[in-house]
Every structure is written in structure tokens, then in C-alpha cells.
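A.B. asks: mmCIF, N, CA, C and O atoms, saved as work.cif, coming up:
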```cif
data_my_file
loop_
_atom_site.label_atom_id
_atom_site.label_comp_id
_atom_site.auth_asym_id
_atom_site.auth_seq_id
_atom_site.Cartn_x
_atom_site.Cartn_y
_atom_site.Cartn_z
N MET A 1 52.15 20.84 -21.28
CA MET A 1 51.71 20.82 -22.67
C MET A 1 50.55 19.83 -22.79
O MET A 1 50.62 18.74 -22.27
N ARG A 2 49.53 20.23 -23.46
CA ARG A 2 48.42 19.33 -23.74
C ARG A 2 48.52 18.90 -25.19
O ARG A 2 48.55 19.72 -26.10
N VAL A 3 48.58 17.59 -25.40
CA VAL A 3 48.57 17.06 -26.76
C VAL A 3 47.13 17.10 -27.23
O VAL A 3 46.28 16.40 -26.70
N GLU A 4 46.85 17.94 -28.20
CA GLU A 4 45.48 18.14 -28.67
C GLU A 4 45.07 17.13 -29.73
O GLU A 4 43.89 16.96 -30.00
N SER A 5 46.03 16.49 -30.34
CA SER A 5 45.74 15.55 -31.42
C SER A 5 45.05 14.30 -30.87
O SER A 5 45.46 13.74 -29.86
N VAL A 6 44.00 13.86 -31.55
CA VAL A 6 43.32 12.62 -31.18
C VAL A 6 44.18 11.42 -31.56
O VAL A 6 44.16 10.39 -30.92
N SER A 7 44.97 11.59 -32.61
CA SER A 7 45.83 10.53 -33.11
C SER A 7 47.28 10.82 -32.75
O SER A 7 47.76 11.95 -32.89
N PHE A 8 47.97 9.79 -32.24
CA PHE A 8 49.41 9.90 -31.92
C PHE A 8 50.04 8.66 -32.53
O PHE A 8 50.21 7.64 -31.88
N THR A 9 50.29 8.74 -33.85
CA THR A 9 50.76 7.60 -34.62
C THR A 9 51.97 8.00 -35.46
O THR A 9 52.41 9.15 -35.43
N SER A 10 52.44 7.06 -36.25
CA SER A 10 53.59 7.34 -37.11
C SER A 10 53.31 8.49 -38.08
O SER A 10 54.23 9.14 -38.55
N ALA A 11 52.04 8.76 -38.33
CA ALA A 11 51.68 9.84 -39.25
C ALA A 11 52.03 11.23 -38.70
O ALA A 11 52.30 12.15 -39.46
N ASN A 12 52.01 11.39 -37.37
CA ASN A 12 52.25 12.71 -36.79
C ASN A 12 53.24 12.70 -35.64
O ASN A 12 53.48 13.73 -35.01
N ALA A 13 53.84 11.56 -35.33
CA ALA A 13 54.72 11.45 -34.17
C ALA A 13 55.93 12.37 -34.26
O ALA A 13 56.32 12.99 -33.26
N ALA A 14 56.54 12.49 -35.44
CA ALA A 14 57.74 13.33 -35.56
C ALA A 14 57.42 14.79 -35.19
O ALA A 14 58.19 15.44 -34.48
N ALA A 15 56.29 15.29 -35.66
CA ALA A 15 55.89 16.66 -35.34
C ALA A 15 55.62 16.80 -33.84
O ALA A 15 55.99 17.82 -33.23
N LEU A 16 54.98 15.79 -33.24
CA LEU A 16 54.70 15.84 -31.81
C LEU A 16 55.98 15.75 -30.98
O LEU A 16 56.08 16.37 -29.92
N VAL A 17 56.97 14.99 -31.46
CA VAL A 17 58.26 14.94 -30.76
C VAL A 17 58.87 16.34 -30.73
O VAL A 17 59.30 16.82 -29.67
N GLU A 18 58.89 17.00 -31.87
CA GLU A 18 59.46 18.35 -31.93
C GLU A 18 58.70 19.32 -31.04
O GLU A 18 59.30 20.13 -30.32
N GLU A 19 57.37 19.25 -31.08
CA GLU A 19 56.55 20.13 -30.25
C GLU A 19 56.82 19.88 -28.77
O GLU A 19 56.97 20.82 -27.98
N GLY A 20 56.91 18.61 -28.40
CA GLY A 20 57.16 18.26 -27.01
C GLY A 20 58.54 18.68 -26.54
O GLY A 20 58.70 19.20 -25.43
N CYS A 21 59.55 18.48 -27.37
CA CYS A 21 60.92 18.88 -27.01
C CYS A 21 61.01 20.39 -26.86
O CYS A 21 61.68 20.89 -25.94
N ALA A 22 60.34 21.12 -27.74
CA ALA A 22 60.31 22.58 -27.63
C ALA A 22 59.62 23.01 -26.33
O ALA A 22 60.08 23.94 -25.65
N ALA A 23 58.54 22.33 -25.98
CA ALA A 23 57.83 22.64 -24.73
C ALA A 23 58.73 22.37 -23.52
O ALA A 23 58.77 23.17 -22.58
N LEU A 24 59.46 21.28 -23.56
CA LEU A 24 60.39 20.98 -22.47
C LEU A 24 61.46 22.05 -22.35
O LEU A 24 61.79 22.51 -21.24
N ARG A 25 62.01 22.48 -23.48
CA ARG A 25 63.03 23.53 -23.46
C ARG A 25 62.46 24.85 -22.93
O ARG A 25 63.20 25.67 -22.38
N ALA A 26 61.15 25.04 -23.10
CA ALA A 26 60.49 26.25 -22.61
C ALA A 26 60.07 26.12 -21.15
O ALA A 26 59.47 27.04 -20.59
N GLY A 27 60.37 24.98 -20.53
CA GLY A 27 60.08 24.80 -19.11
C GLY A 27 58.82 24.04 -18.78
O GLY A 27 58.49 23.87 -17.60
N GLN A 28 58.09 23.59 -19.79
CA GLN A 28 56.89 22.80 -19.54
C GLN A 28 57.30 21.34 -19.33
O GLN A 28 57.95 20.76 -20.19
N THR A 29 56.92 20.78 -18.20
CA THR A 29 57.32 19.40 -17.91
C THR A 29 56.12 18.47 -17.71
O THR A 29 56.31 17.26 -17.63
N ARG A 30 54.93 19.00 -17.64
CA ARG A 30 53.73 18.18 -17.48
C ARG A 30 53.02 18.09 -18.82
O ARG A 30 52.60 19.11 -19.38
N PHE A 31 52.89 16.86 -19.32
CA PHE A 31 52.27 16.63 -20.62
C PHE A 31 50.97 15.86 -20.42
O PHE A 31 50.96 14.77 -19.86
N ASP A 32 49.88 16.42 -20.92
CA ASP A 32 48.55 15.82 -20.80
C ASP A 32 48.19 15.13 -22.11
O ASP A 32 48.09 15.77 -23.15
N LEU A 33 47.99 13.82 -22.03
CA LEU A 33 47.66 13.02 -23.21
C LEU A 33 46.19 12.59 -23.24
O LEU A 33 45.82 11.71 -24.00
N SER A 34 45.36 13.20 -22.42
CA SER A 34 43.98 12.74 -22.28
C SER A 34 43.14 12.87 -23.56
O SER A 34 42.14 12.16 -23.71
N ALA A 35 43.52 13.72 -24.49
CA ALA A 35 42.77 13.86 -25.74
C ALA A 35 43.11 12.77 -26.75
O ALA A 35 42.38 12.54 -27.71
N VAL A 36 44.22 12.07 -26.52
CA VAL A 36 44.70 11.06 -27.48
C VAL A 36 43.83 9.81 -27.39
O VAL A 36 43.63 9.24 -26.32
N LYS A 37 43.33 9.37 -28.54
CA LYS A 37 42.47 8.18 -28.60
C LYS A 37 43.04 7.08 -29.49
O LYS A 37 42.68 5.92 -29.34
N GLU A 38 43.90 7.42 -30.43
CA GLU A 38 44.46 6.45 -31.37
C GLU A 38 45.98 6.52 -31.29
O GLU A 38 46.57 7.58 -31.41
N VAL A 39 46.61 5.35 -31.04
CA VAL A 39 48.07 5.31 -30.90
C VAL A 39 48.64 4.11 -31.65
O VAL A 39 47.92 3.16 -31.96
N ASP A 40 49.93 4.21 -31.93
CA ASP A 40 50.68 3.04 -32.37
C ASP A 40 52.05 3.10 -31.70
O ASP A 40 52.28 3.95 -30.82
N SER A 41 52.96 2.25 -32.11
CA SER A 41 54.26 2.18 -31.45
C SER A 41 55.05 3.48 -31.56
O SER A 41 55.93 3.74 -30.73
N ALA A 42 54.74 4.32 -32.53
CA ALA A 42 55.42 5.60 -32.66
C ALA A 42 55.16 6.50 -31.46
O ALA A 42 56.01 7.32 -31.09
N ALA A 43 54.00 6.36 -30.84
CA ALA A 43 53.69 7.15 -29.64
C ALA A 43 54.66 6.80 -28.51
O ALA A 43 55.16 7.68 -27.81
N VAL A 44 54.93 5.52 -28.34
CA VAL A 44 55.86 5.08 -27.29
C VAL A 44 57.25 5.63 -27.60
O VAL A 44 57.94 6.15 -26.71
N ALA A 45 57.67 5.55 -28.85
CA ALA A 45 58.98 6.08 -29.24
C ALA A 45 59.05 7.59 -28.97
O ALA A 45 60.08 8.10 -28.50
N ALA A 46 57.97 8.30 -29.24
CA ALA A 46 57.93 9.74 -29.01
C ALA A 46 58.04 10.06 -27.52
O ALA A 46 58.77 10.97 -27.12
N LEU A 47 57.34 9.29 -26.69
CA LEU A 47 57.41 9.52 -25.25
C LEU A 47 58.82 9.27 -24.73
O LEU A 47 59.31 9.98 -23.85
N LEU A 48 59.49 8.27 -25.28
CA LEU A 48 60.88 8.00 -24.90
C LEU A 48 61.79 9.16 -25.34
O LEU A 48 62.72 9.53 -24.60
N ALA A 49 61.52 9.74 -26.49
CA ALA A 49 62.31 10.89 -26.95
C ALA A 49 62.09 12.08 -26.01
O ALA A 49 63.04 12.79 -25.67
N TRP A 50 60.85 12.30 -25.60
CA TRP A 50 60.57 13.38 -24.66
C TRP A 50 61.29 13.14 -23.34
O TRP A 50 61.86 14.05 -22.76
N ARG A 51 61.27 11.90 -22.88
CA ARG A 51 61.94 11.56 -21.62
C ARG A 51 63.44 11.81 -21.74
O ARG A 51 64.06 12.36 -20.83
N ARG A 52 64.03 11.40 -22.84
CA ARG A 52 65.46 11.60 -23.06
C ARG A 52 65.80 13.10 -23.05
O ARG A 52 66.77 13.54 -22.43
N THR A 53 64.97 13.92 -23.71
CA THR A 53 65.19 15.36 -23.72
C THR A 53 65.06 15.93 -22.31
O THR A 53 65.87 16.77 -21.90
N ALA A 54 64.07 15.48 -21.57
CA ALA A 54 63.89 15.95 -20.19
C ALA A 54 65.12 15.62 -19.36
O ALA A 54 65.61 16.47 -18.59
N GLN A 55 65.64 14.42 -19.51
CA GLN A 55 66.85 14.03 -18.77
C GLN A 55 68.02 14.92 -19.14
O GLN A 55 68.78 15.36 -18.28
N GLU A 56 68.18 15.20 -20.42
CA GLU A 56 69.27 16.07 -20.88
C GLU A 56 69.15 17.47 -20.29
O GLU A 56 70.16 18.12 -20.02
N LEU A 57 67.91 17.91 -20.08
CA LEU A 57 67.66 19.24 -19.51
C LEU A 57 67.68 19.23 -17.99
O LEU A 57 67.60 20.30 -17.36
N GLY A 58 67.74 18.04 -17.39
CA GLY A 58 67.76 17.93 -15.94
C GLY A 58 66.41 18.16 -15.29
O GLY A 58 66.33 18.60 -14.14
N VAL A 59 65.34 17.87 -16.01
CA VAL A 59 63.99 18.02 -15.48
C VAL A 59 63.26 16.68 -15.52
O VAL A 59 63.71 15.74 -16.17
N THR A 60 62.16 16.61 -14.82
CA THR A 60 61.36 15.39 -14.78
C THR A 60 60.12 15.56 -15.64
O THR A 60 59.36 16.51 -15.45
N LEU A 61 59.93 14.64 -16.57
CA LEU A 61 58.75 14.64 -17.42
C LEU A 61 57.61 13.98 -16.66
O LEU A 61 57.75 12.88 -16.13
N GLU A 62 56.47 14.66 -16.59
CA GLU A 62 55.29 14.11 -15.94
C GLU A 62 54.21 13.91 -17.00
O GLU A 62 53.78 14.86 -17.66
N LEU A 63 53.78 12.65 -17.17
CA LEU A 63 52.74 12.32 -18.14
C LEU A 63 51.42 12.13 -17.41
O LEU A 63 51.35 11.38 -16.43
N THR A 64 50.37 12.79 -17.89
CA THR A 64 49.04 12.60 -17.33
C THR A 64 48.09 12.20 -18.45
O THR A 64 48.35 12.48 -19.62
N GLY A 65 46.98 11.56 -18.09
CA GLY A 65 45.98 11.17 -19.08
C GLY A 65 46.51 10.18 -20.10
O GLY A 65 46.05 10.18 -21.24
N VAL A 66 47.45 9.33 -19.69
CA VAL A 66 48.05 8.37 -20.62
C VAL A 66 46.98 7.34 -21.03
O VAL A 66 46.41 6.69 -20.17
N PRO A 67 46.71 7.22 -22.33
CA PRO A 67 45.70 6.25 -22.78
C PRO A 67 46.11 4.82 -22.42
O PRO A 67 47.31 4.49 -22.45
N PRO A 68 45.14 3.96 -22.11
CA PRO A 68 45.45 2.57 -21.79
C PRO A 68 46.26 1.86 -22.88
O PRO A 68 47.12 1.03 -22.58
N ALA A 69 46.03 2.22 -24.14
CA ALA A 69 46.76 1.57 -25.23
C ALA A 69 48.25 1.90 -25.18
O ALA A 69 49.09 1.07 -25.51
N VAL A 70 48.60 3.12 -24.76
CA VAL A 70 50.01 3.49 -24.62
C VAL A 70 50.64 2.69 -23.50
O VAL A 70 51.75 2.17 -23.63
N ALA A 71 49.92 2.57 -22.38
CA ALA A 71 50.43 1.77 -21.27
C ALA A 71 50.62 0.32 -21.70
O ALA A 71 51.62 -0.32 -21.34
N SER A 72 49.68 -0.20 -22.47
CA SER A 72 49.80 -1.58 -22.96
C SER A 72 51.01 -1.76 -23.86
O SER A 72 51.76 -2.73 -23.72
N LEU A 73 51.20 -0.83 -24.78
CA LEU A 73 52.35 -0.90 -25.68
C LEU A 73 53.66 -0.77 -24.90
O LEU A 73 54.62 -1.50 -25.16
N ALA A 74 53.71 0.15 -23.95
CA ALA A 74 54.92 0.34 -23.15
C ALA A 74 55.25 -0.93 -22.37
O ALA A 74 56.41 -1.33 -22.27
N THR A 75 54.23 -1.58 -21.84
CA THR A 75 54.43 -2.84 -21.12
C THR A 75 54.90 -3.93 -22.08
O THR A 75 55.84 -4.67 -21.79
N LEU A 76 54.28 -4.01 -23.23
CA LEU A 76 54.64 -4.99 -24.24
C LEU A 76 56.11 -4.86 -24.63
O LEU A 76 56.83 -5.85 -24.76
N TYR A 77 56.58 -3.62 -24.79
CA TYR A 77 57.96 -3.37 -25.21
C TYR A 77 58.93 -3.33 -24.04
O TYR A 77 60.12 -3.15 -24.24
N GLY A 78 58.41 -3.47 -22.81
CA GLY A 78 59.27 -3.50 -21.64
C GLY A 78 59.82 -2.15 -21.23
O GLY A 78 60.85 -2.08 -20.56
N VAL A 79 59.14 -1.07 -21.61
CA VAL A 79 59.63 0.26 -21.27
C VAL A 79 58.67 1.02 -20.35
O VAL A 79 58.84 2.22 -20.13
N ASP A 80 57.69 0.32 -19.79
CA ASP A 80 56.73 0.98 -18.92
C ASP A 80 57.41 1.62 -17.71
O ASP A 80 57.03 2.70 -17.28
N GLY A 81 58.45 1.00 -17.20
CA GLY A 81 59.19 1.58 -16.08
C GLY A 81 59.90 2.86 -16.46
O GLY A 81 60.03 3.77 -15.65
N LEU A 82 60.36 2.94 -17.69
CA LEU A 82 61.05 4.15 -18.16
C LEU A 82 60.09 5.31 -18.34
O LEU A 82 60.44 6.46 -18.14
N LEU A 83 58.87 4.99 -18.74
CA LEU A 83 57.90 6.04 -19.02
C LEU A 83 57.04 6.40 -17.82
O LEU A 83 56.36 7.41 -17.83
N GLY A 84 57.04 5.55 -16.81
CA GLY A 84 56.19 5.81 -15.66
C GLY A 84 54.73 5.58 -15.97
O GLY A 84 53.86 6.12 -15.32
N THR A 85 54.46 4.77 -17.00
CA THR A 85 53.07 4.47 -17.34
C THR A 85 52.57 3.39 -16.39
O THR A 85 53.35 2.60 -15.87
N PRO A 86 51.27 3.33 -16.17
CA PRO A 86 50.73 2.31 -15.29
C PRO A 86 51.07 0.91 -15.81
O PRO A 86 50.84 0.62 -16.97
N HIS A 87 51.63 0.07 -14.96
CA HIS A 87 52.00 -1.28 -15.36
C HIS A 87 50.75 -2.16 -15.40
O HIS A 87 49.95 -2.15 -14.48
N GLN A 88 50.59 -2.89 -16.47
CA GLN A 88 49.47 -3.82 -16.57
C GLN A 88 50.02 -5.22 -16.36
O GLN A 88 51.07 -5.56 -16.89
N GLU A 89 49.28 -6.00 -15.57
CA GLU A 89 49.76 -7.33 -15.22
C GLU A 89 49.96 -8.21 -16.45
O GLU A 89 50.88 -8.99 -16.51
N SER A 90 49.08 -8.09 -17.39
CA SER A 90 49.20 -8.94 -18.58
C SER A 90 48.48 -8.28 -19.74
O SER A 90 47.34 -7.88 -19.62
N ILE A 91 49.16 -8.20 -20.86
CA ILE A 91 48.53 -7.66 -22.06
C ILE A 91 47.36 -8.54 -22.48
O ILE A 91 46.32 -8.06 -22.87
N VAL A 92 47.51 -9.85 -22.35
CA VAL A 92 46.45 -10.77 -22.75
C VAL A 92 45.22 -10.54 -21.88
O VAL A 92 44.10 -10.47 -22.38
N GLU A 93 45.40 -10.41 -20.55
CA GLU A 93 44.27 -10.20 -19.66
C GLU A 93 43.56 -8.89 -19.93
O GLU A 93 42.37 -8.76 -19.69
N HIS A 94 44.28 -7.92 -20.44
CA HIS A 94 43.70 -6.60 -20.70
C HIS A 94 43.50 -6.38 -22.19
O HIS A 94 43.58 -5.26 -22.66
N GLY A 95 43.26 -7.43 -22.92
CA GLY A 95 43.14 -7.36 -24.36
C GLY A 95 42.08 -6.39 -24.85
O GLY A 95 42.22 -5.80 -25.90
N ARG A 96 41.02 -6.21 -24.06
CA ARG A 96 39.97 -5.27 -24.47
C ARG A 96 40.51 -3.85 -24.57
O ARG A 96 40.02 -3.06 -25.33
N GLU A 97 41.55 -3.52 -23.78
CA GLU A 97 42.11 -2.19 -23.80
C GLU A 97 43.42 -2.15 -24.59
O GLU A 97 43.99 -1.11 -24.79
N GLY A 98 43.88 -3.29 -25.00
CA GLY A 98 45.21 -3.39 -25.59
C GLY A 98 45.19 -3.40 -27.09
O GLY A 98 44.52 -2.62 -27.74
N MET A 99 45.88 -4.37 -27.65
CA MET A 99 46.23 -4.32 -29.04
C MET A 99 45.24 -5.01 -29.98
O MET A 99 45.22 -4.70 -31.14
N HIS A 100 44.49 -5.96 -29.53
CA HIS A 100 43.56 -6.70 -30.39
C HIS A 100 44.27 -7.27 -31.61
O HIS A 100 43.70 -7.35 -32.69
N GLY A 101 45.56 -7.59 -31.45
CA GLY A 101 46.31 -8.14 -32.57
C GLY A 101 46.76 -7.11 -33.58
O GLY A 101 47.27 -7.44 -34.63
N HIS A 102 46.55 -5.83 -33.29
CA HIS A 102 46.91 -4.77 -34.21
C HIS A 102 47.85 -3.80 -33.52
O HIS A 102 47.91 -3.73 -32.30
N HIS A 103 48.53 -2.97 -34.30
CA HIS A 103 49.43 -1.99 -33.73
C HIS A 103 48.75 -0.64 -33.53
O HIS A 103 49.35 0.26 -33.01
N VAL A 104 47.50 -0.51 -33.94
CA VAL A 104 46.78 0.74 -33.75
C VAL A 104 45.56 0.44 -32.89
O VAL A 104 44.85 -0.51 -33.12
N HIS A 105 45.34 1.28 -31.88
CA HIS A 105 44.19 1.10 -31.00
C HIS A 105 43.17 2.18 -31.32
O HIS A 105 43.48 3.37 -31.27
N ARG A 106 41.99 1.75 -31.65
CA ARG A 106 40.87 2.67 -31.89
C ARG A 106 39.73 2.22 -30.98
O ARG A 106 39.14 1.17 -31.20
N PRO A 107 39.42 3.02 -29.95
CA PRO A 107 38.32 2.62 -29.05
C PRO A 107 37.01 2.57 -29.81
O PRO A 107 36.81 3.31 -30.75
N GLY A 108 36.18 1.69 -29.34
CA GLY A 108 34.99 1.69 -30.12
C GLY A 108 33.84 1.02 -29.60
O GLY A 108 32.80 0.89 -30.00
#
```
Kindly transcribe the structure held in the file into C-alpha cells.
C.D. replies:
Amino acid sequence: MRVESVSFTSANAAALVEEGCAALRAGQTRFDLSAVKEVDSAAVAALLAWRRTAQELGVTLELTGVPPAVASLATLYGVDGLLGTPHQESIVEHGREGMHGHHVHRPG
């Protein structure tokens, strides 16, 4: 499944969770997030929901094109190992790609 939305935030996360869970039930296990540019903590929660559904179905969720901000948030919340996102050594050291003191990342 390719997430076509540029934004993956609390505004649309519930719909994306449903879309992703339906895709998993239909046999799609590779999710491409490369179009996503704006995220907040709801994106991490959605990815965890997808992972939980994949586990229930006995399949492996594969995430590709994970935005650096999602990896930063997953590391911040200590769930990067659960999501398989690239581990960043330090959120502070990678502040240019991370949170900038905000919960929404907008590249710019």
C-alpha cells in the first residue's frame, strides 16, 4: 500500500489506520510512506496499530520510505524497535530532521 497523503497527522490518522488495516487483511504487507512529508505523534500510533493488525494476521509489516520525522518520533517514544524504523543515535543531534520543539514536522 502506498500512503498517498502528504500529511499523516491526527487530522487523518484514523482514516489511514482503517485503510492500512484493510490493506493488510487484503494481503498487502509492504507500506510505502515516501509521499508523507508532515507527521505528528498520531502517525506513530497508526503505525503501531498496523503492526498489531499484521501480528494478529500472522504477517510481517514492511515499512518503506519512512520519513525521518517518524523515525525521530518513534525513537523519542522508545518504539523504534517495534516499528523497525531506523534508529537515530540522538534526537538532539538530529534536530534538523526531528522535532524542532514541535510535534509536527514540516520540511522546509
A.B. asks: I'd like the neighbourhood of Ala23 in chain A as an MDAnalysis selection string, where a residue qualifies if any of its atoms comes within 7 Å (using all atoms listed in the file), though same-chain residues fewer than 6 positions away should be ignored.
C.D. replies: chainID A and resid 1 17 29
A.B. asks: Please indicate the distance in Å from CA of Leu83 in chain A to CA of Thr64 in chain A, rounded to one decimal place.
C.D. replies: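 Taking CA of Leu83 in chain A and CA of Thr64 in chain A, their separation equals 11.2 Å.
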A.B. asks: From the set A:Val79, A:Ala14, A:Cys21, A:Ala35, which residue has the shortest atom-to-atom contact distance to Leu61 in chain A, counting only C-alpha atoms?
C.D. replies: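 For Leu61 in chain A, the nearest of the given residues is A:Cys21.
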A.B. asks: For Glu38 in chain A, which residue among A:Leu63, A:Glu19, A:Ala26, A:Val6 is the nearest when counting only N, CA, C and O atoms?
C.D. replies: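 With only N, CA, C and O atoms as the atom set, the closest residue is A:Val6.
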A.B. asks: Can you give me, as a compact mmCIF listing (two decimals) with N, CA, C and O atoms, keeping the file's coordinate frame, the residues this file yields under the PyMOL selection byres ((chain A and resi 42) around 8)?
C.D. replies:
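And here is the file that came out, part20.txt:
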```
# COMPACT_ATOMS: atom_id res chain seq x y z
N PHE A 8 47.97 9.79 -32.24
CA PHE A 8 49.41 9.90 -31.92
C PHE A 8 50.04 8.66 -32.53
O PHE A 8 50.21 7.64 -31.88
N THR A 9 50.29 8.74 -33.85
CA THR A 9 50.76 7.60 -34.62
C THR A 9 51.97 8.00 -35.46
O THR A 9 52.41 9.15 -35.43
N SER A 10 52.44 7.06 -36.25
CA SER A 10 53.59 7.34 -37.11
C SER A 10 53.31 8.49 -38.08
O SER A 10 54.23 9.14 -38.55
N ALA A 11 52.04 8.76 -38.33
CA ALA A 11 51.68 9.84 -39.25
C ALA A 11 52.03 11.23 -38.70
O ALA A 11 52.30 12.15 -39.46
N ASN A 12 52.01 11.39 -37.37
CA ASN A 12 52.25 12.71 -36.79
C ASN A 12 53.24 12.70 -35.64
O ASN A 12 53.48 13.73 -35.01
N ALA A 13 53.84 11.56 -35.33
CA ALA A 13 54.72 11.45 -34.17
C ALA A 13 55.93 12.37 -34.26
O ALA A 13 56.32 12.99 -33.26
N ALA A 14 56.54 12.49 -35.44
CA ALA A 14 57.74 13.33 -35.56
C ALA A 14 57.42 14.79 -35.19
O ALA A 14 58.19 15.44 -34.48
N VAL A 17 56.97 14.99 -31.46
CA VAL A 17 58.26 14.94 -30.76
C VAL A 17 58.87 16.34 -30.73
O VAL A 17 59.30 16.82 -29.67
N VAL A 39 46.61 5.35 -31.04
CA VAL A 39 48.07 5.31 -30.90
C VAL A 39 48.64 4.11 -31.65
O VAL A 39 47.92 3.16 -31.96
N ASP A 40 49.93 4.21 -31.93
CA ASP A 40 50.68 3.04 -32.37
C ASP A 40 52.05 3.10 -31.70
O ASP A 40 52.28 3.95 -30.82
N SER A 41 52.96 2.25 -32.11
CA SER A 41 54.26 2.18 -31.45
C SER A 41 55.05 3.48 -31.56
O SER A 41 55.93 3.74 -30.73
N ALA A 43 54.00 6.36 -30.84
CA ALA A 43 53.69 7.15 -29.64
C ALA A 43 54.66 6.80 -28.51
O ALA A 43 55.16 7.68 -27.81
N VAL A 44 54.93 5.52 -28.34
CA VAL A 44 55.86 5.08 -27.29
C VAL A 44 57.25 5.63 -27.60
O VAL A 44 57.94 6.15 -26.71
N ALA A 45 57.67 5.55 -28.85
CA ALA A 45 58.98 6.08 -29.24
C ALA A 45 59.05 7.59 -28.97
O ALA A 45 60.08 8.10 -28.50
N ALA A 46 57.97 8.30 -29.24
CA ALA A 46 57.93 9.74 -29.01
C ALA A 46 58.04 10.06 -27.52
O ALA A 46 58.77 10.97 -27.12
N LEU A 47 57.34 9.29 -26.69
CA LEU A 47 57.41 9.52 -25.25
C LEU A 47 58.82 9.27 -24.73
O LEU A 47 59.31 9.98 -23.85
N LEU A 48 59.49 8.27 -25.28
CA LEU A 48 60.88 8.00 -24.90
C LEU A 48 61.79 9.16 -25.34
O LEU A 48 62.72 9.53 -24.60
N ALA A 49 61.52 9.74 -26.49
CA ALA A 49 62.31 10.89 -26.95
C ALA A 49 62.09 12.08 -26.01
O ALA A 49 63.04 12.79 -25.67
N HIS A 103 48.53 -2.97 -34.30
CA HIS A 103 49.43 -1.99 -33.73
C HIS A 103 48.75 -0.64 -33.53
O HIS A 103 49.35 0.26 -33.01
```
A.B. asks: Interatomic distance between atom O of Thr60 in chain A and atom N of Arg30 in chain A?
C.D. replies: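 For atom O of Thr60 in chain A relative to atom N of Arg30 in chain A, the distance reads 5.5 Å.
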A.B. asks: Would you please give, as a PyMOL selection string, all residues of range 11-91 of chain A that DSSP assigns to helix (DSSP H, G or I) based on the backbone?
C.D. replies: chain A and resi 13-25+41-57+68-76+80-83
A.B. asks: What's the separation between atom N of Ser7 in chain A and atom C of Trp50 in chain A, in Å to one decimal place?
C.D. replies: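 One can read the atom N of Ser7 in chain A to atom C of Trp50 in chain A distance as 18.8 Å.
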A.B. asks: Run DSSP on the backbone and tell me which residues of range 2-85 of chain A come out as strand (DSSP E); list them as an MDAnalysis selection string.
C.D. replies: chainID A and resid 7:8 30:32 38:39 62:64
A.B. asks: Go through A:Glu4, A:Arg25, A:Asp32, A:Glu18 one by one, measure the shortest atom-to-atom distance of each to Glu56 in chain A using only C-alpha atoms, and give the residue with the smallest value.
C.D. replies: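 Residue with the minimum atom-to-atom distance to Glu56 in chain A: A:Arg25.
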A.B. asks: When distances are computed from only C-alpha atoms, which of A:Gly27, A:Gln55, A:Lys37, A:Ala22 shows the smallest separation from Leu82 in chain A?
C.D. replies: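 Smallest distance to Leu82 in chain A is found for A:Gln55.
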